[in-house]
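Asker: Right, I'll just put the structure down here and ask away after.
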Amino acid sequence: MGDPLDGCNPPSDAHVLASNSQAQYSPEETAKHGEETMTPDGENDPTTTSKDKKLNGSNITITTETPEGKQAQVQENENDNEAENENQPGEGQTVVEEEEGKEEEERPPLPPRPPRTSGESSLTPFSPSSRPALQSRPTTAVASVEVHTRSFSDGLRGFFSIPGYRAISESLSITGLSTGQSTPAVRKASISESLIDDTSSLLSHAPHSNMDGDLAGLLADGMNAKSPAWKLLSTQAESGNPFEGIDDDDTSLANFEHEFDEIDAVDSKGENEEQLLVQFKAKFKHYMILSSAGKPIYSRHGDQNLINGYIGVIQTIISFYEEENDHLLGFVAGGTRFAIKIDGPLYFVAISKLGESDSQLRAQLDALYKQILSTLTLPTLTQLFSNRPNTDLRRPLDGTETLLSSLADTFTKGSPSALLSALECLKVRKSHRYIINNTLLKTRTKSLLYGLIVAGGRLVSVVRPKRHSLHPSDLQLIFNMLFEAEGIKAGGGENWIPICLPAFNNKGYLYMYVSFIDANHDDETSDKQSTTTNDDDDRDDEIAVILISTNKESFFELKDMRDDLVKQLRKNGSMEIIKTAVSQGRPSTTDIVPGTPLKHFLYKSRANVQFTMPSFSPNFTSTIKRRRLMSLYHELHASTHVKYSPVKVLHNVSRDSSALAWITADFEFYCVAGPKASRAALTEGADKVIKWMKREEERVFIIGGAVF
Amino acid sequence: MATRPGARGGNSRFAQFKLVLLGESAVGKSSIVLRFVKDQFDSYRESTIGAAFLTQTISLDDNTTVKFEIWDTAGQERYKSLAPMYYRNANCAVVVYDITQASSLDKAKQWVKELQRQANENIIIALAGNKLDLVGEHPDKRAIQTADAEAYAKEAGLLFFETSAKTAENVRELFTSIAKKLPLDQAGPRNPRSGGRGGVELRPSEAPGTQGPGCAC
């Protein structure tokens with residue numbers, strides 16, 4: 001709050017945020033909360049007013065999947081503000097209850113809710129709604145939209161779009177909605193509560209009123225349902241690692257390590273075709289792009305001779321539906337999901353055996369589309385096809401296949417950034433970031449639109465004009481080009497790249513100056529050419545300066561700015577700070593919360609459109625383990641982002657892991673622990689991480705940024 | 001124009017020149033530059049995106065130093081409209097073709113024509129037939145005879161070399177002979193910060209695609 005730049009952010013940002021916030025605050029309240037956020041490490045007052053509490057009216061569904069496949073559920077359907085926002089189906093819900101519903105009838109009644117004791121309040125450290133000042137505050141440097149993460153343009157279809165084994169989590173939201181049918185008492189309670197909610201603050205006196213901000217309290221019932229012996233047993237095993245000891249009997253990801261191997265070209269006589277097809281079909285993920293006329297544009301795997309047949313089939317299927325003006329969105333065959341996205345003259349197809357949801361796959365296809373736009377711009381693309389519907393787009397896109405492939409591979413490996421559509425920032429002290437921001441502002445030249453400093457693939461600082469923010473999807477394209485694809489880094493010079501950033505303006509090019517700074521080259525002068533280290537090993541240590549302008553002739557101006565900037569950063573010690581921060585890498589979960597059973601987590605600040613996570617090591621360093629982790633996150637994300645009445649808190653236990661997702665107006669939190677970790681341990685860990693996040697927020701995230 | 005020779009104490013001379021590389025995609029422009037600047041080679045180079053700017057200094061003799069500011073441009077058709085920005089004030093150009101691809105010489109000839117028509121009238125142009133290493137092992141891979149290319153170069157008034165970025169053959173020679181042909185003596189004192197570093201001229205010309213409405217900030 002001490003940052004003088006904070007007040008400069010565009011009002012449009014605040015507007016977007018306001019549309020997502022679920023409660024309005026009087027100026028008085030906002031002021032009060034503003035004070036609270038100034039002491040980020042201060043304990044929250046557990047007696048926060050009920051108005052705050054009602055912020056996150058929650059629809060809580062807890063599922064425990066035992067190895068036998070049986071499910072025990074604890075459900076709470078509170079006053080659901082979210083559902084009100086989202087066209088909740090009317091009172092006469094006829095939503096189908098699936099198997100869970102039947103089992104629900106058999107399960108023993110829930111124990112009575114324990115009264116709220118003072119001892120419990122120590123477990124209620126964090127009430128996200130106690131710092132709503134963030135919402136009325138200008139947003140971060142980074143983006144003005146998509147605070148709400150995903151729009152489900154496909155409506156109802158998205159609702160039913162989760163593959164077979166995920167139907168469990170999907171149906172959660174259904175049963176969550178229909179709780180009233182099976183347990184009329186609860187329904188009655190929730191109705192009366194919502195009445196109270198509308199009129200007074202009495203709600204805060206209800207025993208479970210603190211649910212929204214208090215994860216431990218939320219799940220306390222479930223904990224109490226267990227016998228002490230069971231608890232004792234599970235605490236002993238809590239430290240186990242997820243995804244361990246299952247590699248032998250779980251073949252779902254067998255051969256995943258060959259996923260990124262290239263398939264040879266079909267030889268002239270076509271003799272190896274059969275063998276190549278076997279390789280082709282063994283891939284877990286395919287991305288194909290074709291024109292509506294059926295011309296192949298891109299395929300992640302297989303050369304043209306191999307895929308031509310498939311392209312023809314795909315074109316026929318899609319066109320059949322297009323003629324009926326009934327757009328095909330996707331279908332499932334066995335365990336393989338086909339997602340289809342049509343953008344103007346282009347058909348995008350994703351074929352996945354990795355279990356992403358329809359909307360997640362479609363978001364990936366959208367990123368590929370944006371990569372194409374970033375090369376060509378929308379008017380050029382439109383013009384090419386309106387002049388000649390038969391255009392072969394491969395030629396205009398020549399040289400960018402590697403960018404499409406590196407994007408595709410990022411999705412196949414599993415990218416938290418892509419999943420959450422948020423950015424990761426380098427953690428530095430607030431005062432250090434302030435100095436770096438100011439150095440950027442001081443050295444700014446008149447042609448500059450955006451300036452970024454990126455280290456180890458994480459954003460360090462950003463400078464931008466007041467009225468323009470940077471969209472995560474645009475940054476994803478830039479980061480992919482610079483850090484995932486090899487072309488630019490390997491060149492070893494400074495680069496001047498015409499690029500269209502579709503979320504900023506899909507009609508024209510911007511010009512991007514890129515320079516990688518050799519971290520081990522301190523006495524570099526402006527006259528010496530800047531070089532980048534060529535070894536793949538230290539790619540994570542690279543510091544890049546990215547300067548973007550609308551003026552294509554401004555290369556030398558921006559080059560001078562870069563020289564000046566680097567000189568200043570070296571002089572005021574910031575370069576050293578950045579280098580140290582990068583070399584330290586991400587902390588492990590046990591660095592953050594000593595002794596926690598949590599093995600990994602993702603925390604997304606919705607207002608800042610940024611996320612943070614601990615290091616993947618030591619548990620998720622192998623490609624397969626990492627993919628399992630990411631698949632689990634995708635699953636949690638899918639369940640908490642369905643269009644209708646998404647689940648707010650989800651506890652998911654499976655044979656090989658246990659996980660928790662918690663969605664509030666302020667953040668999304670996902671964490672993973674070993675299969676035996678108790679719910680209590682998970683929630684305690686989650687609470688501690690979130691406490692830590694709150695304390696470290698201004699270090700972990702870029703709040704405000706440098707605005708001119 | 002962009003030449004900035006100047007006294008550097010004693011009777012040593014220092015000159016700085018702008019050089020641009022042009023040619024069809026995948027003929028090896030970036031590889032030639034990488035060999036010249038860093039003495040490295042990478043068989044799996046990915047396409048250049050946009051253009052890369054590099055510098056390299058060479059000594060012609062004991063008291064003459066020449067610094068090249070090199071624009072390594074992308075060969076794809078879609079970047080063609082940006083090319084004038086890079087060659088506009090260039091003192092020298094290297095037009096590259098692939099001796100195993102007949103069509104790449106035609107493209108090179110187009111570039112030479114364009115340079116002679118549009119670029120600085122004193123521009124020194126060198127023609128480089130790259131991938132000489134490929135025909136060393138398999139002479140039948142050669143698609144363009146040395147004599148044919150040489151005859152064309154002579155007729156058009158170009159320096160000519162057949163090079164291999166992979167083996168480094170003739171790469172340094174190519175740049176050295178360009179440096180020797182450049183007018184070391186006729187330019188004013190070096191003043192890097194004036195007039196946009198003697199670099200690109202700040203005048204508008206058409207962008208690839210439609211130039212966006214820009215930003216009113």
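Labeling convention for the structure tokens: chains A, B, ... as they appear, residues from 1 per chain, ligands from 1 in order of appearance.
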Considering only C-alpha atoms, extract the chain A residues located within 7 Å of chain B and return them as a VMD selection string.
Answerer: chain A and resid 380 396 398 to 399 465 486 to 488 493 to 498 507 to 509 529 550 553 556
Asker: Go ahead and dump the residues you just picked, N, CA, C and O atoms, as a PDB file, in the first residue's frame.
Answerer:
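Below is the file again_36.pdb, written as the result:
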```
ATOM      1  N   THR A 380      -4.749 -10.558 -41.836  1.00  0.00           N
ATOM      2  CA  THR A 380      -3.994 -11.315 -42.830  1.00  0.00           C
ATOM      3  C   THR A 380      -4.572 -12.705 -43.007  1.00  0.00           C
ATOM      4  O   THR A 380      -4.750 -13.195 -44.124  1.00  0.00           O
ATOM      5  N   PRO A 396       2.723 -19.571 -45.292  1.00  0.00           N
ATOM      6  CA  PRO A 396       2.795 -18.346 -44.491  1.00  0.00           C
ATOM      7  C   PRO A 396       3.271 -18.585 -43.053  1.00  0.00           C
ATOM      8  O   PRO A 396       3.842 -17.692 -42.441  1.00  0.00           O
ATOM      9  N   ASP A 398       5.461 -20.829 -42.227  1.00  0.00           N
ATOM     10  CA  ASP A 398       6.761 -21.486 -42.290  1.00  0.00           C
ATOM     11  C   ASP A 398       7.700 -20.969 -41.194  1.00  0.00           C
ATOM     12  O   ASP A 398       7.872 -19.772 -41.019  1.00  0.00           O
ATOM     13  N   GLY A 399       8.292 -21.893 -40.473  1.00  0.00           N
ATOM     14  CA  GLY A 399       9.245 -21.497 -39.436  1.00  0.00           C
ATOM     15  C   GLY A 399       8.628 -21.358 -38.058  1.00  0.00           C
ATOM     16  O   GLY A 399       9.351 -21.221 -37.076  1.00  0.00           O
ATOM     17  N   PRO A 465       1.947   1.087 -19.763  1.00  0.00           N
ATOM     18  CA  PRO A 465       1.167   2.323 -19.694  1.00  0.00           C
ATOM     19  C   PRO A 465      -0.063   2.121 -18.820  1.00  0.00           C
ATOM     20  O   PRO A 465      -0.555   0.997 -18.656  1.00  0.00           O
ATOM     21  N   GLU A 486      13.599 -23.108 -28.961  1.00  0.00           N
ATOM     22  CA  GLU A 486      15.032 -22.889 -28.826  1.00  0.00           C
ATOM     23  C   GLU A 486      15.550 -21.770 -29.730  1.00  0.00           C
ATOM     24  O   GLU A 486      16.630 -21.233 -29.501  1.00  0.00           O
ATOM     25  N   GLY A 487      14.795 -21.444 -30.758  1.00  0.00           N
ATOM     26  CA  GLY A 487      15.317 -20.591 -31.824  1.00  0.00           C
ATOM     27  C   GLY A 487      15.971 -19.305 -31.371  1.00  0.00           C
ATOM     28  O   GLY A 487      17.069 -18.967 -31.798  1.00  0.00           O
ATOM     29  N   ILE A 488      15.316 -18.586 -30.490  1.00  0.00           N
ATOM     30  CA  ILE A 488      15.800 -17.243 -30.190  1.00  0.00           C
ATOM     31  C   ILE A 488      16.993 -17.261 -29.262  1.00  0.00           C
ATOM     32  O   ILE A 488      17.986 -16.575 -29.486  1.00  0.00           O
ATOM     33  N   GLY A 493      22.142 -13.368 -30.114  1.00  0.00           N
ATOM     34  CA  GLY A 493      22.237 -11.928 -30.334  1.00  0.00           C
ATOM     35  C   GLY A 493      21.079 -11.223 -29.661  1.00  0.00           C
ATOM     36  O   GLY A 493      20.441 -11.754 -28.777  1.00  0.00           O
ATOM     37  N   GLU A 494      20.846 -10.014 -30.099  1.00  0.00           N
ATOM     38  CA  GLU A 494      19.640  -9.332 -29.679  1.00  0.00           C
ATOM     39  C   GLU A 494      18.629  -9.537 -30.793  1.00  0.00           C
ATOM     40  O   GLU A 494      19.001  -9.644 -31.948  1.00  0.00           O
ATOM     41  N   ASN A 495      17.371  -9.581 -30.437  1.00  0.00           N
ATOM     42  CA  ASN A 495      16.376  -9.900 -31.459  1.00  0.00           C
ATOM     43  C   ASN A 495      15.347  -8.802 -31.600  1.00  0.00           C
ATOM     44  O   ASN A 495      15.041  -8.093 -30.641  1.00  0.00           O
ATOM     45  N   TRP A 496      14.847  -8.701 -32.797  1.00  0.00           N
ATOM     46  CA  TRP A 496      13.817  -7.723 -33.128  1.00  0.00           C
ATOM     47  C   TRP A 496      12.722  -8.479 -33.843  1.00  0.00           C
ATOM     48  O   TRP A 496      12.909  -8.940 -34.969  1.00  0.00           O
ATOM     49  N   ILE A 497      11.607  -8.656 -33.142  1.00  0.00           N
ATOM     50  CA  ILE A 497      10.612  -9.614 -33.602  1.00  0.00           C
ATOM     51  C   ILE A 497       9.261  -8.943 -33.790  1.00  0.00           C
ATOM     52  O   ILE A 497       8.699  -8.408 -32.838  1.00  0.00           O
ATOM     53  N   PRO A 498       8.746  -8.965 -35.009  1.00  0.00           N
ATOM     54  CA  PRO A 498       7.366  -8.497 -35.174  1.00  0.00           C
ATOM     55  C   PRO A 498       6.431  -9.542 -34.583  1.00  0.00           C
ATOM     56  O   PRO A 498       6.550 -10.722 -34.893  1.00  0.00           O
ATOM     57  N   LYS A 507      -5.149  -7.162 -34.608  1.00  0.00           N
ATOM     58  CA  LYS A 507      -5.119  -6.633 -35.973  1.00  0.00           C
ATOM     59  C   LYS A 507      -3.753  -6.156 -36.411  1.00  0.00           C
ATOM     60  O   LYS A 507      -3.531  -5.881 -37.589  1.00  0.00           O
ATOM     61  N   GLY A 508      -2.845  -5.964 -35.475  1.00  0.00           N
ATOM     62  CA  GLY A 508      -1.571  -5.394 -35.897  1.00  0.00           C
ATOM     63  C   GLY A 508      -0.394  -5.983 -35.156  1.00  0.00           C
ATOM     64  O   GLY A 508      -0.547  -6.732 -34.197  1.00  0.00           O
ATOM     65  N   TYR A 509       0.773  -5.610 -35.645  1.00  0.00           N
ATOM     66  CA  TYR A 509       1.995  -6.107 -35.032  1.00  0.00           C
ATOM     67  C   TYR A 509       2.537  -5.128 -34.000  1.00  0.00           C
ATOM     68  O   TYR A 509       2.393  -3.913 -34.141  1.00  0.00           O
ATOM     69  N   GLN A 529      28.978  -6.961 -27.339  1.00  0.00           N
ATOM     70  CA  GLN A 529      27.658  -7.488 -27.665  1.00  0.00           C
ATOM     71  C   GLN A 529      27.165  -8.389 -26.549  1.00  0.00           C
ATOM     72  O   GLN A 529      27.926  -9.077 -25.900  1.00  0.00           O
ATOM     73  N   THR A 550       5.324  -0.133 -30.380  1.00  0.00           N
ATOM     74  CA  THR A 550       4.482  -0.143 -31.569  1.00  0.00           C
ATOM     75  C   THR A 550       5.260   0.356 -32.779  1.00  0.00           C
ATOM     76  O   THR A 550       4.793   0.244 -33.907  1.00  0.00           O
ATOM     77  N   GLU A 553      10.610   0.917 -36.055  1.00  0.00           N
ATOM     78  CA  GLU A 553      11.938   1.488 -36.279  1.00  0.00           C
ATOM     79  C   GLU A 553      12.663   1.780 -34.968  1.00  0.00           C
ATOM     80  O   GLU A 553      13.685   2.457 -34.954  1.00  0.00           O
ATOM     81  N   PHE A 556      16.969   0.549 -32.152  1.00  0.00           N
ATOM     82  CA  PHE A 556      18.155   1.109 -31.515  1.00  0.00           C
ATOM     83  C   PHE A 556      17.807   1.934 -30.281  1.00  0.00           C
ATOM     84  O   PHE A 556      18.571   1.976 -29.326  1.00  0.00           O
TER      85      PHE A 556
END
```
Asker: Could you please write out, as a PyMOL selection string, every residue of stretch 60-132 of chain B that DSSP assigns to alpha helix (DSSP H)?
Answerer: chain B and resi 83-87+102-118+132
Asker: Would you save the residues from that selection as a PDB file, in the first residue's frame, using C-alpha atoms?
Answerer:
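Result saved to result-v9.pdb:
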```pdb
ATOM      1  CA  ALA B  83      13.701  -6.167 -45.197  1.00  0.00           C
ATOM      2  CA  PRO B  84      14.110  -2.528 -46.346  1.00  0.00           C
ATOM      3  CA  MET B  85      14.366  -1.536 -42.709  1.00  0.00           C
ATOM      4  CA  TYR B  86      17.459  -3.684 -42.379  1.00  0.00           C
ATOM      5  CA  TYR B  87      19.213  -2.966 -45.676  1.00  0.00           C
ATOM      6  CA  ALA B 102      18.718 -24.636 -57.288  1.00  0.00           C
ATOM      7  CA  SER B 103      15.815 -22.374 -56.436  1.00  0.00           C
ATOM      8  CA  SER B 104      17.754 -20.628 -53.689  1.00  0.00           C
ATOM      9  CA  LEU B 105      20.064 -18.976 -56.224  1.00  0.00           C
ATOM     10  CA  ASP B 106      17.067 -17.510 -58.034  1.00  0.00           C
ATOM     11  CA  LYS B 107      15.902 -16.048 -54.760  1.00  0.00           C
ATOM     12  CA  ALA B 108      19.418 -14.706 -54.154  1.00  0.00           C
ATOM     13  CA  LYS B 109      19.387 -13.028 -57.559  1.00  0.00           C
ATOM     14  CA  GLN B 110      16.108 -11.310 -56.648  1.00  0.00           C
ATOM     15  CA  TRP B 111      17.659  -9.997 -53.470  1.00  0.00           C
ATOM     16  CA  VAL B 112      20.699  -8.710 -55.342  1.00  0.00           C
ATOM     17  CA  LYS B 113      18.423  -6.921 -57.773  1.00  0.00           C
ATOM     18  CA  GLU B 114      16.424  -5.382 -54.974  1.00  0.00           C
ATOM     19  CA  LEU B 115      19.556  -4.271 -53.148  1.00  0.00           C
ATOM     20  CA  GLN B 116      21.036  -2.711 -56.249  1.00  0.00           C
ATOM     21  CA  ARG B 117      17.828  -0.863 -56.893  1.00  0.00           C
ATOM     22  CA  GLN B 118      16.798   0.187 -53.395  1.00  0.00           C
ATOM     23  CA  LEU B 132      29.878 -26.665 -49.188  1.00  0.00           C
TER      24      LEU B 132
END
```
Asker: Report the distance between atom CA of A:Asp564 and atom CA of A:Lys442 in Å, rounded to one decimal place.
Answerer: 9.7 Å
Asker: Would you pick out the contacts of B:Leu158 at 7 Å or less, using only C-alpha atoms, so that residues sharing its chain but fewer than 2 positions from it are not included, and give the list as a list in words?
Answerer: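 Surrounding residues, per the criterion: Ile125, Ala126, Leu127, Ala153, Lys154, Ala156 and Phe160 of chain B.
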Asker: I'd like the neighbourhood of stretch 315-320 of chain A as an MDAnalysis selection string, where a residue qualifies if any of its atoms comes within 12 Å (using only C-alpha atoms), though same-chain residues fewer than 2 positions away should be ignored.
Answerer: chainID A and resid 288:296 308:313 322:331 338:342 345:349
Asker: For the residues selected in the previous step, produce a file with N, CA, C and O atoms as a short mmCIF file (atom, residue, chain, number, x, y, z; two decimals), in the first residue's frame.
Answerer:
```cif
data_model
loop_
_atom_site.label_atom_id
_atom_site.label_comp_id
_atom_site.auth_asym_id
_atom_site.auth_seq_id
_atom_site.Cartn_x
_atom_site.Cartn_y
_atom_site.Cartn_z
N MET A 288 -4.03 -31.24 -34.06
CA MET A 288 -4.04 -31.08 -35.51
C MET A 288 -4.76 -29.79 -35.87
O MET A 288 -5.74 -29.42 -35.24
N ILE A 289 -4.21 -29.15 -36.86
CA ILE A 289 -4.85 -27.94 -37.36
C ILE A 289 -5.04 -28.12 -38.86
O ILE A 289 -4.12 -28.55 -39.55
N LEU A 290 -6.24 -27.84 -39.33
CA LEU A 290 -6.50 -27.94 -40.76
C LEU A 290 -7.40 -26.79 -41.18
O LEU A 290 -8.01 -26.14 -40.34
N SER A 291 -7.43 -26.56 -42.47
CA SER A 291 -8.32 -25.50 -42.94
C SER A 291 -9.68 -26.11 -43.20
O SER A 291 -9.82 -27.33 -43.34
N SER A 292 -10.69 -25.26 -43.29
CA SER A 292 -12.04 -25.79 -43.50
C SER A 292 -12.14 -26.48 -44.85
O SER A 292 -13.03 -27.30 -45.08
N ALA A 293 -11.19 -26.16 -45.75
CA ALA A 293 -11.18 -26.85 -47.03
C ALA A 293 -10.49 -28.20 -46.93
O ALA A 293 -10.38 -28.92 -47.92
N GLY A 294 -9.99 -28.53 -45.75
CA GLY A 294 -9.39 -29.84 -45.57
C GLY A 294 -7.89 -29.89 -45.80
O GLY A 294 -7.31 -30.97 -45.90
N LYS A 295 -7.26 -28.74 -45.91
CA LYS A 295 -5.79 -28.74 -46.08
C LYS A 295 -5.12 -28.86 -44.72
O LYS A 295 -5.45 -28.11 -43.80
N PRO A 296 -4.18 -29.78 -44.61
CA PRO A 296 -3.47 -29.88 -43.33
C PRO A 296 -2.61 -28.64 -43.10
O PRO A 296 -2.00 -28.11 -44.04
N ASN A 308 -2.46 -37.57 -43.52
CA ASN A 308 -3.41 -37.10 -44.52
C ASN A 308 -4.77 -37.77 -44.41
O ASN A 308 -5.80 -37.12 -44.49
N GLY A 309 -4.75 -39.08 -44.21
CA GLY A 309 -6.00 -39.83 -44.10
C GLY A 309 -6.84 -39.32 -42.94
O GLY A 309 -8.05 -39.09 -43.08
N TYR A 310 -6.17 -39.11 -41.81
CA TYR A 310 -6.89 -38.65 -40.64
C TYR A 310 -7.46 -37.25 -40.83
O TYR A 310 -8.57 -36.95 -40.41
N ILE A 311 -6.65 -36.41 -41.47
CA ILE A 311 -7.12 -35.05 -41.72
C ILE A 311 -8.41 -35.08 -42.53
O ILE A 311 -9.37 -34.37 -42.24
N GLY A 312 -8.43 -35.98 -43.55
CA GLY A 312 -9.63 -36.11 -44.37
C GLY A 312 -10.83 -36.53 -43.54
O GLY A 312 -11.93 -35.97 -43.67
N VAL A 313 -10.62 -37.50 -42.67
CA VAL A 313 -11.73 -37.98 -41.83
C VAL A 313 -12.24 -36.86 -40.93
O VAL A 313 -13.45 -36.62 -40.81
N GLU A 322 -21.00 -28.83 -39.48
CA GLU A 322 -21.02 -27.41 -39.85
C GLU A 322 -22.16 -27.13 -40.83
O GLU A 322 -22.81 -26.10 -40.76
N GLU A 323 -22.36 -28.07 -41.77
CA GLU A 323 -23.41 -27.87 -42.76
C GLU A 323 -24.78 -27.76 -42.10
O GLU A 323 -25.65 -27.04 -42.56
N GLU A 324 -24.94 -28.48 -41.02
CA GLU A 324 -26.20 -28.42 -40.27
C GLU A 324 -26.23 -27.21 -39.35
O GLU A 324 -27.15 -27.04 -38.57
N ASN A 325 -25.15 -26.46 -39.38
CA ASN A 325 -25.01 -25.32 -38.49
C ASN A 325 -25.10 -25.72 -37.02
O ASN A 325 -25.61 -25.01 -36.18
N ASP A 326 -24.61 -26.90 -36.76
CA ASP A 326 -24.63 -27.43 -35.40
C ASP A 326 -23.18 -27.79 -35.09
O ASP A 326 -22.71 -28.86 -35.41
N HIS A 327 -22.48 -26.84 -34.51
CA HIS A 327 -21.03 -27.01 -34.39
C HIS A 327 -20.66 -28.16 -33.48
O HIS A 327 -21.15 -28.27 -32.36
N LEU A 328 -19.80 -28.98 -33.99
CA LEU A 328 -19.30 -30.11 -33.21
C LEU A 328 -18.25 -29.61 -32.23
O LEU A 328 -17.32 -28.91 -32.61
N LEU A 329 -18.44 -29.97 -30.96
CA LEU A 329 -17.49 -29.49 -29.95
C LEU A 329 -16.54 -30.58 -29.48
O LEU A 329 -15.44 -30.28 -29.03
N GLY A 330 -16.98 -31.81 -29.59
CA GLY A 330 -16.09 -32.87 -29.17
C GLY A 330 -16.83 -34.17 -29.01
O GLY A 330 -18.06 -34.21 -29.07
N PHE A 331 -16.07 -35.22 -28.86
CA PHE A 331 -16.67 -36.52 -28.60
C PHE A 331 -15.64 -37.39 -27.90
O PHE A 331 -14.46 -37.04 -27.82
N PHE A 338 -11.83 -36.21 -27.82
CA PHE A 338 -11.58 -35.35 -28.98
C PHE A 338 -12.27 -34.02 -28.72
O PHE A 338 -13.46 -33.97 -28.48
N ALA A 339 -11.48 -32.96 -28.74
CA ALA A 339 -12.07 -31.63 -28.58
C ALA A 339 -11.84 -30.87 -29.87
O ALA A 339 -10.77 -30.96 -30.47
N ILE A 340 -12.84 -30.14 -30.28
CA ILE A 340 -12.79 -29.45 -31.56
C ILE A 340 -13.10 -27.98 -31.37
O ILE A 340 -14.00 -27.62 -30.60
N LYS A 341 -12.33 -27.16 -32.04
CA LYS A 341 -12.55 -25.73 -31.94
C LYS A 341 -12.45 -25.16 -33.34
O LYS A 341 -11.54 -25.50 -34.09
N ILE A 342 -13.44 -24.36 -33.67
CA ILE A 342 -13.47 -23.81 -35.03
C ILE A 342 -13.31 -22.30 -34.95
O ILE A 342 -14.06 -21.62 -34.25
N PRO A 345 -11.73 -19.84 -40.69
CA PRO A 345 -11.44 -20.88 -41.67
C PRO A 345 -10.61 -22.03 -41.11
O PRO A 345 -10.21 -22.91 -41.86
N LEU A 346 -10.34 -22.01 -39.82
CA LEU A 346 -9.45 -23.03 -39.27
C LEU A 346 -10.18 -23.98 -38.33
O LEU A 346 -11.02 -23.57 -37.54
N TYR A 347 -9.84 -25.26 -38.47
CA TYR A 347 -10.34 -26.27 -37.55
C TYR A 347 -9.18 -26.71 -36.65
O TYR A 347 -8.10 -27.04 -37.15
N PHE A 348 -9.41 -26.71 -35.36
CA PHE A 348 -8.40 -27.18 -34.41
C PHE A 348 -8.94 -28.43 -33.72
O PHE A 348 -10.09 -28.44 -33.29
N VAL A 349 -8.09 -29.44 -33.63
CA VAL A 349 -8.51 -30.68 -33.00
C VAL A 349 -7.47 -31.09 -31.97
O VAL A 349 -6.28 -31.10 -32.27
#
```
Asker: Name all residues at most 7 Å from B:Glu162 (count only C-alpha atoms; drop same-chain ones fewer than 4 positions away) and give them as a ChimeraX atom specification.
Answerer: /B:128-130,132,170
Asker: Residues of the last selection are to be written out with N, CA and C atoms, as an mmCIF file, in the first residue's frame.
Answerer:
```cif
data_model
loop_
_atom_site.group_PDB
_atom_site.id
_atom_site.type_symbol
_atom_site.label_atom_id
_atom_site.label_comp_id
_atom_site.auth_asym_id
_atom_site.auth_seq_id
_atom_site.Cartn_x
_atom_site.Cartn_y
_atom_site.Cartn_z
ATOM 1 N N ALA B 128 27.165 -15.654 -51.295
ATOM 2 C CA ALA B 128 27.756 -16.799 -50.614
ATOM 3 C C ALA B 128 26.957 -18.052 -50.895
ATOM 4 N N GLY B 129 27.589 -19.050 -51.488
ATOM 5 C CA GLY B 129 26.947 -20.350 -51.712
ATOM 6 C C GLY B 129 27.284 -21.254 -50.535
ATOM 7 N N ASN B 130 26.340 -21.472 -49.672
ATOM 8 C CA ASN B 130 26.620 -22.186 -48.423
ATOM 9 C C ASN B 130 26.371 -23.694 -48.557
ATOM 10 N N LEU B 132 28.821 -26.041 -48.402
ATOM 11 C CA LEU B 132 29.878 -26.665 -49.188
ATOM 12 C C LEU B 132 30.231 -28.048 -48.632
ATOM 13 N N ASN B 170 35.895 -20.800 -45.535
ATOM 14 C CA ASN B 170 35.628 -19.538 -46.241
ATOM 15 C C ASN B 170 34.739 -18.547 -45.497
#
```
